[in-house]
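Text of final16.tsv, listed as TSV, C-alpha atoms:
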chain	number	residue	atom	x	y	z
L	51	MET	CA	-152.79	224.38	-126.58
L	52	GLN	CA	-151.14	227.18	-128.59
L	53	ILE	CA	-147.47	227.88	-129.21
L	54	LEU	CA	-146.41	231.34	-130.40
L	55	ILE	CA	-143.23	231.58	-132.51
L	56	THR	CA	-141.79	235.04	-133.10
L	57	HIS	CA	-138.71	236.04	-135.06
L	58	GLY	CA	-137.26	239.31	-136.17
L	59	THR	CA	-137.32	238.38	-139.82
L	60	LEU	CA	-140.96	237.33	-139.74
L	61	ALA	CA	-143.56	239.86	-140.58
L	62	ARG	CA	-145.94	238.34	-138.07
L	63	THR	CA	-146.02	235.86	-135.25
L	64	ARG	CA	-146.76	232.19	-136.15
L	65	VAL	CA	-149.29	230.33	-134.00
L	66	LEU	CA	-149.21	226.53	-133.78
L	67	HIS	CA	-152.30	224.70	-132.47
L	68	PHE	CA	-151.98	221.20	-130.80
L	69	ASN	CA	-154.80	219.13	-129.38
L	70	ARG	CA	-154.37	216.59	-126.56
L	71	TRP	CA	-153.97	213.57	-128.89
L	72	GLN	CA	-151.14	215.26	-130.72
L	73	LEU	CA	-149.49	216.11	-127.39
L	74	ALA	CA	-149.83	212.48	-126.23
L	75	GLY	CA	-148.26	211.23	-129.46
L	76	MET	CA	-145.40	213.66	-129.09
L	77	LEU	CA	-144.85	212.56	-125.48
L	78	ILE	CA	-144.80	208.87	-126.46
L	79	GLY	CA	-142.36	209.62	-129.24
L	80	LEU	CA	-140.13	211.52	-126.84
L	81	VAL	CA	-140.13	208.59	-124.37
L	82	ALA	CA	-139.26	206.15	-127.17
L	83	VAL	CA	-136.40	208.35	-128.35
L	84	LEU	CA	-135.04	208.68	-124.78
L	85	THR	CA	-135.29	204.92	-124.26
L	86	LEU	CA	-133.45	204.23	-127.48
L	87	LEU	CA	-130.87	206.83	-126.61
L	88	SER	CA	-130.30	205.35	-123.13
L	89	GLY	CA	-129.90	201.87	-124.60
L	90	THR	CA	-127.40	203.18	-127.09
L	91	VAL	CA	-125.46	204.97	-124.36
L	92	TYR	CA	-125.48	201.85	-122.19
L	93	HIS	CA	-124.31	199.64	-125.03
L	94	PHE	CA	-121.61	201.85	-126.43
L	95	VAL	CA	-120.47	203.70	-123.34
L	96	PHE	CA	-120.99	201.56	-120.24
L	97	LEU	CA	-120.08	198.25	-121.85
L	98	LYS	CA	-117.03	199.79	-123.46
L	99	ALA	CA	-116.10	201.36	-120.13
L	100	ALA	CA	-116.44	198.01	-118.42
L	101	ARG	CA	-114.27	196.27	-121.03
L	102	GLU	CA	-111.58	198.96	-121.18
L	103	GLY	CA	-111.63	199.72	-117.43
L	104	TRP	CA	-112.55	203.41	-117.38
L	105	PRO	CA	-111.87	204.80	-113.88
L	106	VAL	CA	-115.37	205.81	-112.68
L	107	VAL	CA	-117.84	204.33	-115.15
L	108	SER	CA	-116.37	200.82	-114.97
L	109	GLN	CA	-116.82	200.74	-111.17
L	110	ILE	CA	-120.47	201.82	-111.49
L	111	VAL	CA	-121.08	199.15	-114.13
L	112	ARG	CA	-119.42	196.49	-111.96
L	113	LEU	CA	-121.66	197.42	-109.01
L	114	VAL	CA	-124.80	197.21	-111.16
L	115	VAL	CA	-123.77	193.92	-112.77
L	116	ARG	CA	-122.67	192.48	-109.40
L	117	ASP	CA	-126.08	193.32	-107.89
L	118	GLU	CA	-127.86	191.69	-110.84
L	119	PHE	CA	-125.70	188.57	-110.52
L	120	ALA	CA	-126.32	188.46	-106.75
L	121	GLN	CA	-130.08	188.64	-107.28
L	122	ARG	CA	-129.89	185.96	-109.96
L	123	ASP	CA	-127.77	183.71	-107.74
L	124	ARG	CA	-130.16	184.22	-104.82
L	125	PHE	CA	-133.12	183.33	-107.02
L	126	MET	CA	-131.37	180.22	-108.38
L	127	ARG	CA	-130.28	179.17	-104.89
L	128	GLU	CA	-133.81	179.46	-103.51
L	129	ASN	CA	-135.22	177.47	-106.40
L	130	LEU	CA	-132.50	174.83	-106.11
L	131	ASP	CA	-133.18	174.51	-102.38
L	132	ALA	CA	-136.87	174.02	-103.10
L	133	MET	CA	-136.07	171.47	-105.81
L	134	ALA	CA	-133.69	169.64	-103.46
L	135	GLY	CA	-136.43	169.46	-100.83
L	136	LYS	CA	-138.86	168.05	-103.39
L	137	VAL	CA	-136.31	165.49	-104.56
L	138	GLY	CA	-135.70	164.45	-100.93
L	139	GLU	CA	-139.44	163.97	-100.38
L	140	MET	CA	-139.68	161.91	-103.58
L	141	GLN	CA	-136.74	159.72	-102.52
L	142	ALA	CA	-138.45	159.05	-99.18
L	143	LYS	CA	-141.68	158.16	-100.98
L	144	LEU	CA	-139.83	155.86	-103.38
L	145	VAL	CA	-138.18	154.07	-100.44
L	146	LYS	CA	-141.62	153.68	-98.85
L	147	LEU	CA	-143.03	152.38	-102.15
L	148	GLU	CA	-140.20	149.85	-102.46
L	149	ALA	CA	-140.79	148.55	-98.93
L	150	MET	CA	-144.54	148.37	-99.56
L	151	GLY	CA	-143.90	146.55	-102.86
L	152	ASP	CA	-141.85	143.95	-101.01
L	153	ARG	CA	-144.69	143.41	-98.52
L	154	VAL	CA	-147.36	143.25	-101.21
L	155	SER	CA	-145.33	140.82	-103.32
L	156	GLY	CA	-144.83	138.65	-100.24
L	157	LEU	CA	-148.57	138.61	-99.55
L	158	ALA	CA	-149.28	137.79	-103.20
L	159	GLY	CA	-146.68	135.01	-103.21
L	160	VAL	CA	-144.51	136.67	-105.86
L	161	LYS	CA	-140.76	137.15	-105.49
L	162	ILE	CA	-139.75	140.78	-105.93
L	163	ASP	CA	-136.52	139.76	-107.70
L	164	GLU	CA	-138.53	138.03	-110.43
L	165	LEU	CA	-140.60	141.17	-110.94
L	166	ARG	CA	-137.49	143.29	-111.24
L	167	GLN	CA	-136.02	140.96	-113.83
L	168	MET	CA	-139.28	141.04	-115.80
L	169	SER	CA	-139.36	144.86	-115.70
L	170	ARG	CA	-135.90	145.17	-117.24
L	171	PRO	CA	-136.07	145.97	-120.96
L	172	ALA	CA	-134.85	143.21	-123.24
L	173	ALA	CA	-131.76	143.84	-125.34
L	174	ALA	CA	-132.54	145.20	-128.77
L	175	ALA	CA	-132.17	142.74	-131.60
L	176	SER	CA	-129.20	143.29	-133.88
L	177	SER	CA	-130.94	144.64	-136.98
L	178	ALA	CA	-130.60	147.57	-139.33
L	179	GLN	CA	-131.34	150.91	-137.71
L	180	GLY	CA	-131.28	154.52	-138.82
L	181	GLY	CA	-133.03	157.86	-138.87
L	182	PRO	CA	-132.16	161.50	-138.27
L	183	TYR	CA	-130.38	162.49	-135.07
L	184	VAL	CA	-132.55	164.77	-132.92
L	185	PRO	CA	-130.69	165.68	-129.72
L	186	PRO	CA	-132.79	166.17	-126.58
L	187	GLN	CA	-133.44	169.72	-125.53
L	188	ALA	CA	-132.36	170.84	-122.09
L	189	ALA	CA	-135.30	171.47	-119.76
L	190	ASN	CA	-135.53	174.83	-118.04
L	191	LEU	CA	-136.32	175.39	-114.37
L	192	GLU	CA	-140.09	175.62	-114.86
L	193	GLN	CA	-140.14	172.39	-116.85
L	194	LEU	CA	-138.08	170.63	-114.17
L	195	ARG	CA	-140.48	171.87	-111.50
L	196	GLY	CA	-143.41	170.54	-113.52
L	197	ILE	CA	-141.71	167.16	-113.95
L	198	VAL	CA	-140.98	166.92	-110.22
L	199	GLU	CA	-144.57	167.83	-109.33
L	200	ALA	CA	-145.90	165.24	-111.79
L	201	LEU	CA	-143.62	162.56	-110.32
L	202	ASP	CA	-144.67	163.56	-106.80
L	203	GLN	CA	-148.34	163.20	-107.71
L	204	SER	CA	-147.65	159.86	-109.40
L	205	THR	CA	-145.86	158.50	-106.32
L	206	ASP	CA	-148.78	159.61	-104.12
L	207	GLN	CA	-151.23	157.76	-106.36
L	208	SER	CA	-148.99	154.68	-106.42
L	209	THR	CA	-148.73	154.75	-102.62
L	210	ASP	CA	-152.50	154.89	-102.28
L	211	MET	CA	-152.91	152.05	-104.78
L	212	PHE	CA	-150.32	149.87	-103.01
L	213	THR	CA	-151.97	150.57	-99.66
L	214	MET	CA	-155.35	149.46	-100.99
L	215	ILE	CA	-153.88	146.33	-102.62
L	216	GLU	CA	-151.97	145.46	-99.45
L	217	SER	CA	-155.14	145.87	-97.39
L	218	ARG	CA	-157.13	143.60	-99.74
L	219	LEU	CA	-154.38	140.97	-99.84
L	220	LEU	CA	-154.02	141.01	-96.07
L	221	GLU	CA	-157.78	140.71	-95.70
L	222	SER	CA	-157.82	137.71	-98.07
L	223	ARG	CA	-154.90	136.12	-96.26
L	224	LEU	CA	-156.55	136.56	-92.86
L	225	ARG	CA	-159.79	135.17	-94.24
L	226	ALA	CA	-157.92	132.15	-95.61
L	227	LEU	CA	-156.28	131.61	-92.22
L	228	MET	CA	-159.74	131.46	-90.64
L	229	ILE	CA	-160.94	128.62	-92.92
L	230	PRO	CA	-160.53	125.16	-91.35
L	231	ASN	CA	-158.60	123.46	-94.14
L	232	SER	CA	-155.82	121.87	-92.06
L	233	ALA	CA	-156.26	118.28	-90.84
L	234	PRO	CA	-156.72	118.27	-87.05
L	235	VAL	CA	-155.05	114.85	-86.69
L	236	VAL	CA	-152.25	113.37	-88.76
L	237	GLY	CA	-153.56	110.08	-90.08
L	238	PRO	CA	-156.21	108.41	-92.24
L	239	VAL	CA	-159.91	109.25	-92.16
L	240	GLY	CA	-162.35	106.63	-90.93
L	241	SER	CA	-166.08	107.21	-91.15
L	242	GLY	CA	-167.05	110.12	-93.38
L	243	PHE	CA	-169.81	112.69	-93.46
L	244	GLY	CA	-173.30	111.49	-94.43
L	245	PHE	CA	-175.75	108.68	-93.64
L	246	ARG	CA	-174.35	105.47	-92.21
L	247	THR	CA	-175.37	102.60	-89.98
L	248	ASP	CA	-175.20	103.75	-86.38
L	249	PRO	CA	-172.73	101.54	-84.46
L	250	PHE	CA	-174.98	101.48	-81.37
L	251	THR	CA	-178.51	101.15	-82.83
L	252	SER	CA	-177.63	99.57	-86.21
L	253	ARG	CA	-180.03	102.00	-87.84
L	254	ALA	CA	-179.37	104.53	-90.59
L	255	ALA	CA	-178.34	107.88	-89.10
L	256	LEU	CA	-176.57	111.03	-90.20
L	257	HIS	CA	-172.91	111.23	-89.29
L	258	THR	CA	-172.27	114.98	-88.99
L	259	GLY	CA	-168.48	114.96	-89.22
L	260	LEU	CA	-165.30	113.02	-89.97
L	261	ASP	CA	-163.72	110.40	-87.72
L	262	PHE	CA	-159.93	110.21	-87.39
L	263	PRO	CA	-158.95	106.91	-85.72
L	264	ALA	CA	-155.82	107.41	-83.58
L	265	ASP	CA	-154.23	106.25	-80.36
L	266	VAL	CA	-155.19	107.84	-77.07
L	267	GLY	CA	-153.02	110.92	-76.45
L	268	THR	CA	-152.52	111.75	-80.13
L	269	LYS	CA	-152.33	115.51	-80.63
L	270	ILE	CA	-155.45	117.32	-81.85
L	271	LEU	CA	-154.52	120.52	-83.69
L	272	ALA	CA	-156.70	123.52	-84.52
L	273	ALA	CA	-157.79	123.34	-88.14
L	274	ALA	CA	-157.66	127.17	-88.39
L	275	GLY	CA	-157.15	130.20	-86.22
L	276	GLY	CA	-159.97	131.45	-84.04
L	277	VAL	CA	-161.35	131.86	-80.52
L	278	VAL	CA	-162.28	128.94	-78.27
L	279	LEU	CA	-166.06	129.12	-77.98
L	280	LEU	CA	-166.54	126.48	-75.30
L	281	THR	CA	-164.98	123.44	-73.66
L	282	GLU	CA	-167.28	120.95	-71.96
L	283	THR	CA	-168.14	117.34	-71.37
L	284	HIS	CA	-171.10	116.29	-73.49
L	285	PRO	CA	-173.06	113.00	-73.13
L	286	ALA	CA	-172.61	112.20	-76.84
L	287	TYR	CA	-169.46	114.11	-77.76
L	288	GLY	CA	-167.57	113.48	-74.50
L	289	ASN	CA	-164.79	115.98	-73.86
L	290	MET	CA	-165.09	118.47	-76.69
L	291	VAL	CA	-163.80	121.84	-77.86
L	292	GLU	CA	-165.54	124.31	-80.15
L	293	VAL	CA	-163.54	127.03	-81.95
L	294	ASP	CA	-165.24	130.06	-83.48
L	295	HIS	CA	-163.56	131.24	-86.72
L	296	GLY	CA	-165.92	134.14	-87.38
L	297	ASN	CA	-168.57	134.65	-90.09
L	298	GLY	CA	-170.69	131.88	-88.51
L	299	LEU	CA	-167.96	129.26	-89.00
L	300	VAL	CA	-167.31	126.87	-86.05
L	301	THR	CA	-165.26	123.68	-85.73
L	302	ARG	CA	-165.95	120.99	-83.14
L	303	TYR	CA	-163.44	118.45	-81.75
L	304	ALA	CA	-165.06	115.59	-79.79
L	305	HIS	CA	-164.23	112.42	-77.76
L	306	ALA	CA	-160.98	113.95	-76.46
L	307	SER	CA	-159.15	112.46	-73.51
L	308	LYS	CA	-157.64	115.79	-72.42
L	309	LEU	CA	-158.40	119.44	-73.23
L	310	MET	CA	-155.50	121.90	-73.54
L	311	VAL	CA	-157.45	125.16	-73.93
L	312	ARG	CA	-160.24	127.03	-72.20
L	313	ALA	CA	-163.16	129.15	-73.41
L	314	GLY	CA	-161.98	132.57	-74.59
L	315	ASP	CA	-158.48	131.46	-75.60
L	316	ILE	CA	-157.17	132.62	-78.96
L	317	VAL	CA	-155.68	129.76	-80.96
L	318	LYS	CA	-153.63	129.66	-84.15
L	319	ARG	CA	-153.76	127.20	-86.99
L	320	GLY	CA	-151.93	124.00	-85.99
L	321	GLN	CA	-151.95	124.81	-82.27
L	322	LEU	CA	-152.41	121.91	-79.83
L	323	ILE	CA	-155.91	122.15	-78.32
L	324	ALA	CA	-156.65	118.58	-77.09
L	325	GLU	CA	-155.61	114.91	-77.19
L	326	VAL	CA	-157.44	111.99	-78.78
L	327	GLY	CA	-159.53	109.89	-76.42
L	328	ASN	CA	-162.56	107.60	-76.17
L	329	THR	CA	-165.02	109.70	-74.16
L	330	GLY	CA	-168.76	110.09	-74.77
L	331	ARG	CA	-170.68	108.04	-77.30
L	332	SER	CA	-167.69	106.29	-78.86
L	333	THR	CA	-166.68	102.72	-79.69
L	334	GLY	CA	-162.93	103.38	-79.66
L	335	PRO	CA	-160.26	106.10	-79.52
L	336	HIS	CA	-160.69	108.59	-82.33
L	337	LEU	CA	-161.38	112.27	-83.06
L	338	HIS	CA	-164.84	113.26	-84.22
L	339	PHE	CA	-164.33	116.49	-86.24
L	340	GLU	CA	-167.22	118.73	-87.33
L	341	VAL	CA	-167.53	121.97	-89.32
L	342	LEU	CA	-170.65	124.08	-88.78
L	343	VAL	CA	-171.76	127.16	-90.73
L	344	ASP	CA	-174.43	129.13	-88.88
L	345	GLY	CA	-175.05	126.01	-86.80
L	346	VAL	CA	-175.61	123.72	-89.81
L	347	PRO	CA	-173.16	120.78	-90.14
L	348	GLN	CA	-171.09	120.78	-93.33
L	349	ASP	CA	-168.89	118.11	-94.88
L	350	PRO	CA	-165.43	118.74	-93.37
L	351	ALA	CA	-163.77	116.87	-96.25
L	352	LYS	CA	-164.65	119.75	-98.62
L	353	PHE	CA	-162.94	122.21	-96.31
L	354	LEU	CA	-159.87	120.05	-95.82
L	355	ALA	CA	-159.59	119.61	-99.59
L	356	GLY	CA	-160.08	123.34	-100.21
L	357	GLY	CA	-163.25	122.65	-102.16
L	358	ASP	CA	-166.40	124.63	-102.88
L	359	ALA	CA	-167.49	124.78	-99.26
L	360	ALA	CA	-164.24	126.45	-98.24
L	361	GLN	CA	-164.55	128.99	-101.03
L	362	THR	CA	-168.17	129.68	-100.06
L	363	ALA	CA	-167.15	130.26	-96.46
L	364	ALA	CA	-164.38	132.63	-97.58
L	365	ALA	CA	-166.88	134.59	-99.66
L	366	ARG	CA	-168.95	135.26	-96.56
L	367	GLY	CA	-166.51	138.00	-95.47
L	368	GLY	CA	-168.21	140.66	-93.38
L	369	ARG	CA	-171.23	138.50	-92.52
L	370	THR	CA	-171.98	138.44	-88.79
L	371	ARG	CA	-172.60	135.29	-86.86
L	372	ARG	CA	-176.24	134.72	-85.85

What is this file in structure tokens?
Amino acid sequence: MQILITHGTLARTRVLHFNRWQLAGMLIGLVAVLTLLSGTVYHFVFLKAAREGWPVVSQIVRLVVRDEFAQRDRFMRENLDAMAGKVGEMQAKLVKLEAMGDRVSGLAGVKIDELRQMSRPAAAASSAQGGPYVPPQAANLEQLRGIVEALDQSTDQSTDMFTMIESRLLESRLRALMIPNSAPVVGPVGSGFGFRTDPFTSRAALHTGLDFPADVGTKILAAAGGVVLLTETHPAYGNMVEVDHGNGLVTRYAHASKLMVRAGDIVKRGQLIAEVGNTGRSTGPHLHFEVLVDGVPQDPAKFLAGGDAAQTAAARGGRTRR
């Protein structure tokens, strides 16, 4: 690019040569000067006009500033609405967590009030203290949003953890309810499990259960919850009831005078299922109580005492009955 400069006093015309880089630099410099000039005009003219109330310029400035404030207020309002929605969701999740904590603590046998007292920080001991004072810095909107999102994620993880713990505790509690560890008859135990002299043949024979001597008509209660497997009259057991507790665990109640349940009934722990009698191969009124695991007789005393056999049966969770 060439620029010709002519003047009457000059003997000849001056020619200035500019390449494209020089033109670009000049253009950038011109834009910078105009920007600086506009900022100076805005600062010294428009702000002064707004403060002193110039007739036309002050109204223009007010319109511009009002529009900026309106946009800023709209932006803040939208963000505050979003933050309020997040806070509402977190409050609902915290209420759900508190209710779930009450249920879990009840299943675990822990009082929620004791946990709350333990979680409270202990009062600081009266001792010498000191150090520089560093005031906390106010968090901006982005930091608050990050804190809320982190808390939201933490509550989701805590909810999942509580749900899993509640499921495991409920599973353990149900499994414990299915273990026959409640005495079927209130009273002393007569003949125990193991070899003894048979009262009819006077020979050594295996006694496969526990005998509970009691008067005819004494209540026989289910040792655990389950489903009535069968009710029948057996030549040796007399009137008997079998209750299936799952995982191959069955209890048998024999020599009853009267049966109160039928096959297929669902019974709870401590529910009346029969009455003591003297039916079948029996020398007197009593309850013959057996515990069978996969059809093999076990010592009921270990179950009633909550011993190793009961713990072994509880550990069979998920095993199907053969």

**Item:** Residue with smallest distance to Gly196 of chain L - pool L:Ala313, L:Leu86, L:Val239, L:Met133, counting all atoms listed in the file
**Value:** L:Met133

**Asked** Excluding same-chain residues fewer than 5 positions from Ala272 of chain L, what lies within 6 Å of it counting only C-alpha atoms, as an MDAnalysis selection string?
**Response** chainID L and resid 234 319:321

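Compared by their closest atoms to His336 of chain L, and using all atoms listed in the file, the residues L:Ala304, L:Leu130, L:Leu256, L:Ala178 rank with L:Ala304 nearest.
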
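Of note, atom CA of Ile270 of chain L and atom CA of Gly242 of chain L are spaced 17.9 Å apart.
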
If I wrap all listed atoms of segment 349-356 of chain L in a box with edges along x, y and z and add 6 Å on each side, what are its centre and edge lengths in Å to one decimal, as lines of an AutoDock Vina configuration file?
center_x = -164.2
center_y = 120.1
center_z = -96.8
size_x = 21.3
size_y = 18.5
size_z = 18.8

**Length of the atom CA of Leu194 of chain L to atom CA of Met150 of chain L vector [Å]** =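 Rounded to one decimal, the two atoms are 27.4 Å apart.
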
**Request:** Could you give me, as number ranges by chain, the residues within 7 Å of Leu354 of chain L, counting only C-alpha atoms and dropping anything in the same chain fewer than 2 positions from it?
**Result:** L: 230-233, 350-352, 356

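Here atom CA of Gly327 of chain L is placed at a distance of 9.8 Å from atom CA of Pro263 of chain L.
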
**Request:** Could you give me, as a PyMOL selection string, the residues within 12 Å of Leu280 of chain L, counting all atoms listed in the file and dropping anything in the same chain fewer than 5 positions from it?
**Result:** chain L and resi 289-294+300-304+309+311-316+323
